[in-house]
Amino acid sequence: MTPQERAELKALNDKGVNEHVLRQNRNTPERLQSALRRIGTDAFGTCVRCSSQIPLGRLRRVPEALVCVSCGEKPRGG
Ligand SMILES: [Zn+2]
């Protein structure tokens, strides 16, 4: 991860961002709320299945992503 990406992840991880997103999404899906609760914790940006770092590009597009790209492509229950 480059220093710039690290800074961006830190910004994403900011509680202010969390609240900003919540304000923008009054009907926030439960899935996204769950992800937002992870923001500010070490769990944010970490795959819940394999504990590897989720690429920042994926977090930008899918902030509520809980798993990395490779785990996301695998069928559930596997
Ligand atoms: Zn994974």
# chains A, B, ... in the order shown; residues from 1 in each chain; ligands from 1
$ closest_atom_pairs --of "chain A" --to "ligand 1" --cutoff "6 Å" --atoms "only C-alpha atoms and all ligand atoms" --output "tab-separated table"
residue	atom	partner	partner_atom_place_in_ligand_line	distance
A:Cys47	CA	ligand 1	1 (Zn)	4.7
A:Arg49	CA	ligand 1	1 (Zn)	5.1
A:Cys50	CA	ligand 1	1 (Zn)	4.1
A:Ser52	CA	ligand 1	1 (Zn)	5.6
A:Val67	CA	ligand 1	1 (Zn)	5.1
A:Cys68	CA	ligand 1	1 (Zn)	4.2
A:Ser70	CA	ligand 1	1 (Zn)	5.9
A:Cys71	CA	ligand 1	1 (Zn)	4.3
$ residues_around --residues "Lys10 (chain A)" --least-positions-apart "5" --cutoff "10 Å" --atoms "only C-alpha atoms" --output "PyMOL selection string"
chain A and resi 4-5+15+39-40
$ closest_residue --among "A:Ala43, A:Val48, A:Met1, A:Val69" --to "Asn13 (chain A)" --atoms "only C-alpha atoms"
A:Ala43
$ atom_distance --atom1 "CA of Arg31 (chain A)" --atom2 "CA of Pro3 (chain A)"
29.3 Å
$ atom_distance --atom1 "CA of Arg37 (chain A)" --atom2 "CA of Leu59 (chain A)"
14.6 Å
$ closest_residue --among "A:Ser51, A:Thr46, A:Gln33, A:Thr41" --to "Glu64 (chain A)" --atoms "only C-alpha atoms"
A:Gln33
$ residues_around --residues "Val62 (chain A)" --least-positions-apart "2" --cutoff "12 Å" --atoms "only C-alpha atoms" --output "list in words"
Leu12, Arg31, Leu32, Ala35, Leu36, Gly45, Ile54, Pro55, Leu56, Gly57, Arg58, Leu59, Arg60, Glu64, Ala65, Leu66, Val67, Cys68, Val69 and Gly72 of chain A
